[in-house]
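**Q** Input entry_9.csv, format and content: CSV, C-alpha atoms and all ligand atoms.
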chain,number,residue,atom,x,y,z
T,1,MET,CA,15.8,-14.9,-0.8
T,2,ILE,CA,15.3,-18.2,1.0
T,3,PHE,CA,17.6,-20.3,3.0
T,4,PRO,CA,17.2,-23.9,4.2
T,5,SER,CA,16.6,-23.6,7.9
T,6,SER,CA,19.8,-25.4,8.9
T,7,LYS,CA,21.8,-22.6,7.2
T,8,LEU,CA,19.9,-19.7,8.9
T,9,PRO,CA,22.2,-19.3,11.9
T,10,GLU,CA,25.3,-19.4,9.6
T,11,VAL,CA,23.9,-16.7,7.3
T,12,PHE,CA,22.7,-14.6,10.2
T,13,ASP,CA,26.1,-14.7,11.8
T,14,GLU,CA,27.8,-13.8,8.5
T,15,ARG,CA,25.6,-11.1,7.1
T,16,GLY,CA,23.7,-9.9,10.1
T,17,PHE,CA,20.3,-10.6,8.7
T,18,VAL,CA,18.2,-13.3,7.0
T,19,ALA,CA,15.0,-13.4,5.0
T,20,ILE,CA,12.5,-16.2,5.4
T,21,GLU,CA,9.9,-16.5,2.7
T,22,SER,CA,6.4,-17.5,3.8
T,23,PHE,CA,7.2,-17.6,7.5
T,24,MET,CA,3.4,-17.2,7.9
T,25,LYS,CA,0.8,-18.6,5.5
T,26,ARG,CA,-1.4,-16.0,3.7
T,27,GLY,CA,-4.4,-17.2,5.7
T,28,ASP,CA,-2.6,-16.7,9.0
T,29,VAL,CA,-1.5,-13.2,7.9
T,30,ALA,CA,-5.1,-12.4,7.1
T,31,ALA,CA,-6.2,-13.6,10.6
T,32,LEU,CA,-3.5,-11.4,12.2
T,33,VAL,CA,-4.6,-8.4,10.1
T,34,LYS,CA,-8.2,-9.1,11.2
T,35,LYS,CA,-7.1,-9.0,14.8
T,36,LEU,CA,-5.4,-5.6,14.2
T,37,ASN,CA,-8.5,-4.2,12.5
T,38,GLU,CA,-11.1,-5.5,14.9
T,39,GLU,CA,-9.3,-5.4,18.2
T,40,VAL,CA,-6.3,-3.2,18.1
T,41,PHE,CA,-7.2,-0.2,16.0
T,42,PRO,CA,-10.6,0.4,17.6
T,43,SER,CA,-8.9,0.5,21.1
T,44,LEU,CA,-6.0,2.8,20.4
T,45,HIS,CA,-7.5,5.7,22.4
T,46,GLY,CA,-7.1,3.5,25.5
T,47,LEU,CA,-3.4,2.9,25.1
T,48,PRO,CA,-0.7,5.2,26.6
T,49,ALA,CA,0.0,8.1,24.2
T,50,GLU,CA,3.7,7.2,24.2
T,51,HIS,CA,2.9,3.8,22.6
T,52,VAL,CA,0.9,5.2,19.6
T,53,PHE,CA,2.6,7.3,17.0
T,54,TYR,CA,1.0,9.2,14.1
T,55,GLU,CA,2.8,11.1,11.5
T,56,GLU,CA,0.1,13.8,11.8
T,57,ARG,CA,-1.5,13.6,15.2
T,58,GLU,CA,-4.9,14.6,14.0
T,59,SER,CA,-5.0,12.1,11.2
T,60,ALA,CA,-5.9,8.4,12.0
T,61,ALA,CA,-4.8,7.5,8.5
T,62,SER,CA,-1.3,8.5,9.4
T,63,LEU,CA,-0.8,5.9,12.1
T,64,LYS,CA,2.8,4.8,11.9
T,65,GLN,CA,3.7,2.8,15.0
T,66,ILE,CA,2.2,1.0,17.9
T,67,GLN,CA,4.5,-0.1,20.7
T,68,HIS,CA,4.1,-3.1,23.0
T,69,LEU,CA,1.2,-5.0,21.4
T,70,GLU,CA,2.4,-7.9,23.6
T,71,THR,CA,1.6,-6.1,26.8
T,72,HIS,CA,-1.7,-4.6,25.6
T,73,PHE,CA,-3.2,-7.7,23.8
T,74,GLU,CA,-2.9,-11.2,25.0
T,75,TRP,CA,-3.4,-12.7,21.5
T,76,PHE,CA,-0.3,-10.9,20.3
T,77,ALA,CA,1.8,-12.0,23.3
T,78,ASP,CA,0.9,-15.6,22.6
T,79,TRP,CA,1.7,-15.2,19.0
T,80,MET,CA,5.1,-13.6,19.7
T,81,ASN,CA,6.0,-16.3,22.2
T,82,GLY,CA,5.3,-19.1,19.6
T,83,ARG,CA,7.3,-19.5,16.4
T,84,PRO,CA,9.0,-16.1,16.5
T,85,ARG,CA,10.5,-16.9,20.0
T,86,GLU,CA,11.6,-20.3,18.8
T,87,LEU,CA,13.4,-18.8,15.8
T,88,ALA,CA,15.0,-16.1,17.9
T,89,GLU,CA,16.5,-18.8,20.2
T,90,MET,CA,17.8,-20.7,17.2
T,91,LEU,CA,19.5,-17.6,15.7
T,92,LEU,CA,20.9,-16.2,19.0
T,93,GLU,CA,21.8,-19.6,20.3
T,94,GLU,CA,20.5,-18.9,23.8
T,95,TRP,CA,17.3,-18.4,25.7
T,96,VAL,CA,15.6,-15.1,24.8
T,97,VAL,CA,13.4,-12.5,26.5
T,98,ALA,CA,10.5,-11.1,24.4
T,99,LYS,CA,10.8,-7.3,24.7
T,100,ASN,CA,8.5,-5.5,22.2
T,101,LEU,CA,6.0,-6.3,19.5
T,102,GLN,CA,5.5,-3.3,17.3
T,103,TYR,CA,3.1,-2.4,14.5
T,104,PHE,CA,4.6,-0.3,11.7
T,105,ASN,CA,3.1,1.4,8.8
T,106,LYS,CA,4.2,4.0,6.3
T,107,ALA,CA,0.9,5.2,4.9
T,108,PRO,CA,0.8,6.2,1.2
T,109,GLY,CA,1.8,9.8,0.7
T,110,MET,CA,3.3,10.2,4.1
T,111,ASN,CA,6.8,11.5,4.3
T,112,GLN,CA,8.8,9.7,6.9
T,113,ALA,CA,11.7,7.5,6.0
T,114,THR,CA,13.4,5.3,8.6
T,115,PRO,CA,16.9,6.7,9.2
T,116,PRO,CA,19.9,4.4,9.0
T,117,HIS,CA,20.5,3.1,12.5
T,118,GLN,CA,21.5,0.1,14.7
T,119,ASP,CA,18.8,-1.1,17.0
T,120,ALA,CA,21.5,-1.8,19.7
T,121,TYR,CA,21.9,2.0,20.1
T,122,TYR,CA,18.3,2.2,21.4
T,123,PHE,CA,18.5,-1.1,23.3
T,124,MET,CA,21.4,-0.1,25.6
T,125,LEU,CA,22.6,-3.7,26.2
T,126,GLU,CA,25.9,-5.2,27.2
T,127,PRO,CA,26.7,-7.4,25.4
T,128,PRO,CA,24.4,-6.3,22.5
T,129,VAL,CA,22.9,-9.8,22.0
T,130,ALA,CA,19.5,-9.1,20.5
T,131,LEU,CA,17.6,-9.3,17.3
T,132,THR,CA,14.6,-7.8,15.6
T,133,MET,CA,12.1,-9.6,13.3
T,134,TRP,CA,10.1,-7.7,10.7
T,135,LEU,CA,7.1,-9.5,9.3
T,136,ALA,CA,5.6,-8.0,6.1
T,137,LEU,CA,1.8,-7.7,6.2
T,138,ASP,CA,1.6,-6.1,2.7
T,139,GLU,CA,3.6,-6.4,-0.4
T,140,VAL,CA,6.7,-4.2,0.2
T,141,ASP,CA,9.3,-3.2,-2.3
T,142,GLU,CA,11.5,-0.2,-3.3
T,143,THR,CA,8.4,1.9,-4.1
T,144,ASN,CA,6.7,1.7,-0.7
T,145,GLY,CA,9.8,1.6,1.5
T,146,CYS,CA,11.3,-1.9,1.9
T,147,VAL,CA,14.0,-2.4,4.6
T,148,ARG,CA,17.6,-2.1,3.4
T,149,TYR,CA,20.5,-3.7,5.2
T,150,LEU,CA,24.2,-3.1,5.2
T,151,PRO,CA,25.5,-6.6,5.1
T,152,GLY,CA,28.2,-7.5,7.6
T,153,SER,CA,27.8,-4.2,9.5
T,154,HIS,CA,27.0,-6.1,12.7
T,155,LEU,CA,30.6,-7.2,12.9
T,156,HIS,CA,32.0,-3.7,13.4
T,157,GLY,CA,30.5,-2.6,16.7
T,158,LEU,CA,28.2,0.3,17.6
T,159,ARG,CA,28.5,3.5,15.6
T,160,SER,CA,27.8,7.1,16.6
T,161,HIS,CA,24.2,8.2,16.4
T,162,GLY,CA,22.6,11.6,16.7
T,163,SER,CA,19.0,12.9,17.0
T,164,THR,CA,16.6,12.7,14.1
T,165,GLN,CA,13.2,14.4,13.6
T,166,THR,CA,11.6,11.0,13.1
T,167,LEU,CA,9.0,10.0,15.7
T,168,GLY,CA,9.7,6.3,16.6
T,169,PHE,CA,13.2,6.4,15.2
T,170,SER,CA,14.7,9.3,17.2
T,171,GLN,CA,18.4,8.3,16.6
T,172,GLY,CA,20.2,7.8,13.3
T,173,LEU,CA,23.8,7.2,12.2
T,174,LEU,CA,25.8,10.4,12.1
T,175,GLU,CA,27.8,9.3,9.1
T,176,TYR,CA,26.3,7.2,6.4
T,177,GLY,CA,27.3,8.1,2.9
T,178,GLU,CA,26.9,7.0,-0.7
T,179,ALA,CA,29.7,4.4,-0.5
T,180,GLU,CA,27.7,2.5,2.2
T,181,ARG,CA,24.4,3.1,0.5
T,182,SER,CA,25.8,1.4,-2.6
T,183,LEU,CA,26.5,-1.8,-0.6
T,184,GLU,CA,23.0,-2.0,0.9
T,185,ILE,CA,20.8,-5.0,0.1
T,186,SER,CA,17.2,-4.1,-0.2
T,187,SER,CA,14.7,-6.7,1.0
T,188,PRO,CA,11.4,-6.7,-0.8
T,189,ALA,CA,8.9,-8.9,0.9
T,190,GLN,CA,5.5,-10.5,0.3
T,191,PRO,CA,2.8,-10.7,3.1
T,192,GLY,CA,4.0,-13.4,5.5
T,193,ASP,CA,7.7,-13.1,4.6
T,194,LEU,CA,10.0,-12.5,7.6
T,195,LEU,CA,13.2,-10.5,7.8
T,196,VAL,CA,15.4,-10.9,10.9
T,197,HIS,CA,18.4,-8.7,11.7
T,198,HIS,CA,21.0,-8.5,14.5
T,199,ALA,CA,20.8,-5.5,16.8
T,200,LEU,CA,24.1,-4.2,15.4
T,201,THR,CA,23.1,-4.5,11.8
T,202,VAL,CA,22.7,-1.1,10.1
T,203,HIS,CA,19.4,-0.7,8.3
T,204,ARG,CA,17.0,1.9,7.0
T,205,ALA,CA,14.0,2.3,4.8
T,206,ASP,CA,12.8,5.0,2.4
T,207,ARG,CA,9.4,6.7,2.7
T,208,ASN,CA,6.4,5.1,1.1
T,209,ALA,CA,6.4,6.9,-2.3
T,210,HIS,CA,3.4,4.9,-3.6
T,211,PRO,CA,0.1,6.9,-3.9
T,212,THR,CA,-2.2,4.1,-2.7
T,213,ARG,CA,-0.3,1.1,-1.2
T,214,GLN,CA,0.1,0.6,2.5
T,215,ARG,CA,3.3,-0.7,4.0
T,216,ARG,CA,2.3,-2.5,7.1
T,217,ALA,CA,4.5,-4.7,9.2
T,218,LEU,CA,5.0,-6.2,12.6
T,219,GLY,CA,8.4,-5.9,14.4
T,220,CYS,CA,9.4,-8.3,17.2
T,221,ILE,CA,12.3,-7.6,19.4
T,222,PHE,CA,14.0,-10.3,21.5
T,223,TYR,CA,17.0,-9.9,23.8
T,224,GLY,CA,19.3,-12.8,24.5
T,225,GLN,CA,19.3,-13.8,28.1
T,226,SER,CA,23.0,-12.9,28.4
T,227,ALA,CA,22.3,-9.3,27.5
T,228,ARG,CA,22.2,-6.8,30.4
T,229,GLU,CA,20.1,-3.7,30.0
T,230,ASP,CA,21.2,-0.4,31.4
T,231,HIS,CA,17.9,0.3,33.0
T,232,ALA,CA,18.8,3.7,34.5
T,233,ARG,CA,20.2,5.1,31.3
T,234,LYS,CA,17.4,3.8,29.3
T,235,ALA,CA,14.7,5.2,31.6
T,236,ALA,CA,16.3,8.6,31.7
T,237,TYR,CA,16.6,8.6,27.9
T,238,GLN,CA,12.9,7.6,27.6
T,239,ARG,CA,11.8,10.3,30.0
T,240,ARG,CA,13.7,12.9,28.0
T,241,LEU,CA,12.3,11.7,24.7
T,242,GLU,CA,8.7,11.6,26.0
T,243,SER,CA,8.9,15.2,27.3
T,244,GLN,CA,10.3,16.4,23.9
T,245,TRP,CA,7.4,14.6,22.1
T,246,ARG,CA,4.9,16.3,24.4
T,247,GLU,CA,6.5,19.7,24.0
T,248,LYS,CA,6.4,19.3,20.2
T,249,LYS,CA,2.8,18.0,20.4
T,250,LEU,CA,3.9,14.8,18.6
T,251,ILE,CA,2.0,12.6,21.1
P,1,LIG,O1,9.7,-0.5,9.4
P,1,LIG,C1,10.8,0.2,9.3
P,1,LIG,O2,10.8,1.2,8.6
P,1,LIG,C2,12.0,-0.1,10.0
P,1,LIG,C3,11.9,-1.0,11.1
P,1,LIG,C4,13.1,-1.0,11.9
P,1,LIG,O3,14.0,-0.3,11.7
P,1,LIG,C5,13.3,-2.0,13.0
P,1,LIG,O4,12.4,-2.8,13.2
P,1,LIG,O5,14.4,-2.0,13.6
Would you kindly transcribe this structure into C-alpha cells?
Ligand SMILES: O=C(O)CCC(=O)C(=O)O
**A**
Amino acid sequence: MIFPSSKLPEVFDERGFVAIESFMKRGDVAALVKKLNEEVFPSLHGLPAEHVFYEERESAASLKQIQHLETHFEWFADWMNGRPRELAEMLLEEWVVAKNLQYFNKAPGMNQATPPHQDAYYFMLEPPVALTMWLALDEVDETNGCVRYLPGSHLHGLRSHGSTQTLGFSQGLLEYGEAERSLEISSPAQPGDLLVHHALTVHRADRNAHPTRQRRALGCIFYGQSAREDHARKAAYQRRLESQWREKKLI
C-alpha cells in the first residue's frame, strides 16, 4: 500500500495506521544493518540485561529485542531524530519526543507471536498521543510474521489487557476473537518499507513459521509533546516486570 504524502495524516487519522513503501532506500537499509552487525550485536554484553531479550537466554541466535538503541548508540539517535521524527510530527500534528528505538527479530523456528495489544497500554499517557513506526529490514509476509492491524481500533479507546508469557510484550488484549481477527489488515513489507500506527491501534503478529528467513525490524516510538506520562505508575510496573523476568531467568 502506498499513499501520496499529503494524504498520510488523513489515512492515519481514519484507519490508525499507514504504510509507506521504500521509506528508506535499499542501500541505506544495508548501511543500517551493517551498523547493527558491526557495532550493536558485538556489544550486547555491555548493555543492561533488561534492554536485551532472547527467546532462549543461552542462544544468541534467538535474540528477539533490543531496547533503547537511541540511548546506547549515537548513530541510531541521530537516525531516529532525522526523517522518522519529521514524519511523526506530521502525523501527530505536534512536536514529538523520541522515546525508544527498538530492534525486533523473530528468528526462524522460534515460537513467540506478538499478542494483540495497544501500545498505549504500555505507555501510560494522558492523552494517549503517540505513535510507533516499524521499519522492515527483511522481506516480511504472512509466513514469517508480518504485523496485522485492526483498522479503526484507535477510535474506541483503551481496552482491557492482561499478562502474557511473551517477553517484551508482557500485556495482551483480554478479549480478541475470530470476529475481530477477520477484520485485520495484514501488512507485508519489503526492506525499507515503513509501517506507522497510532498508540491506540490494536495490532499483533504471528510467530515466524519460516524455517530459514529472519524477520528483523526497527521500532521507533514517539510521544506527542501534549502527552503526559504517569512516571510513578510506569516505574512501579517496570520494577515489577523486571523482578519477574529475573525470577523466571528470562534476562
Ligand atoms: O514486531 C512485532 O512483532 C510487533 C511490534 C509491535 O507490536 C510494536 O512495535 O508495537
**Q** Using all atoms listed in the file, which protein or nucleic acid residues come within 10 Å of Lys249 (chain T)? Drop anything in the same chain fewer than 5 positions from it, and give the result as a PyMOL selection string.
**A** chain T and resi 56-57+243-244
**Q** List all protein, DNA and RNA residues that have at least one atom no more than 9 Å from any atom of ligand LIG 1 (chain P), counting all atoms listed in the file, and write them as JSON, numbers by chain.
**A** {"T": [65, 102, 103, 104, 105, 106, 112, 113, 114, 115, 116, 117, 118, 119, 131, 132, 133, 134, 145, 146, 147, 148, 169, 196, 197, 199, 202, 203, 204, 205, 206, 207, 215, 216, 217, 218, 219, 220, 221]}
**Q** To one decimal place, how far is CA of Phe17 (chain T) from CA of His198 (chain T) in Å?
**A**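 Result for CA of Phe17 (chain T) versus CA of His198 (chain T): 6.2 Å, one decimal.
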**Q** With only C-alpha atoms as the counted atoms, please give the residues lying no more than 6 Å from Thr201 (chain T), apart from itself and same-chain residues fewer than 4 positions off, as a list in words.
**A**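 Counting only C-alpha atoms, the residues come to Gly16, Gln118, Ser153 and His154 of chain T.
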**Q** Take CA of Glu94 (chain T) and CA of His68 (chain T) and report the distance between them in Å, one decimal.
**A**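 Straight-line distance from CA of Glu94 (chain T) to CA of His68 (chain T) works out to 22.8 Å.
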**Q** Set the distance at 10 Å and use all atoms listed in the file: which residues neighbour Leu167 (chain T) once local chain neighbours fewer than 5 positions away are removed? I'd like the list as a PyMOL selection string.
**A** chain T and resi 53-55+64-65+112+114+241+245+250-251
**Q** Taking 2 positions as the minimum chain separation for residues in the same chain, which residues sit within 10 Å of Phe23 (chain T) when counting all atoms listed in the file? Answer as a PyMOL selection string.
**A** chain T and resi 19-21+25-26+28-29+83-84+135-136+191-195
**Q** Could those residues be written to a file, using C-alpha atoms, as a tab-separated table (two decimals), keeping the file's coordinate frame?
**A**
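To be explicit, this is the file written out as part-v5.tsv:
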chain	number	residue	atom	x	y	z
T	19	ALA	CA	15.00	-13.40	5.00
T	20	ILE	CA	12.50	-16.20	5.40
T	21	GLU	CA	9.90	-16.50	2.70
T	25	LYS	CA	0.80	-18.60	5.50
T	26	ARG	CA	-1.40	-16.00	3.70
T	28	ASP	CA	-2.60	-16.70	9.00
T	29	VAL	CA	-1.50	-13.20	7.90
T	83	ARG	CA	7.30	-19.50	16.40
T	84	PRO	CA	9.00	-16.10	16.50
T	135	LEU	CA	7.10	-9.50	9.30
T	136	ALA	CA	5.60	-8.00	6.10
T	191	PRO	CA	2.80	-10.70	3.10
T	192	GLY	CA	4.00	-13.40	5.50
T	193	ASP	CA	7.70	-13.10	4.60
T	194	LEU	CA	10.00	-12.50	7.60
T	195	LEU	CA	13.20	-10.50	7.80
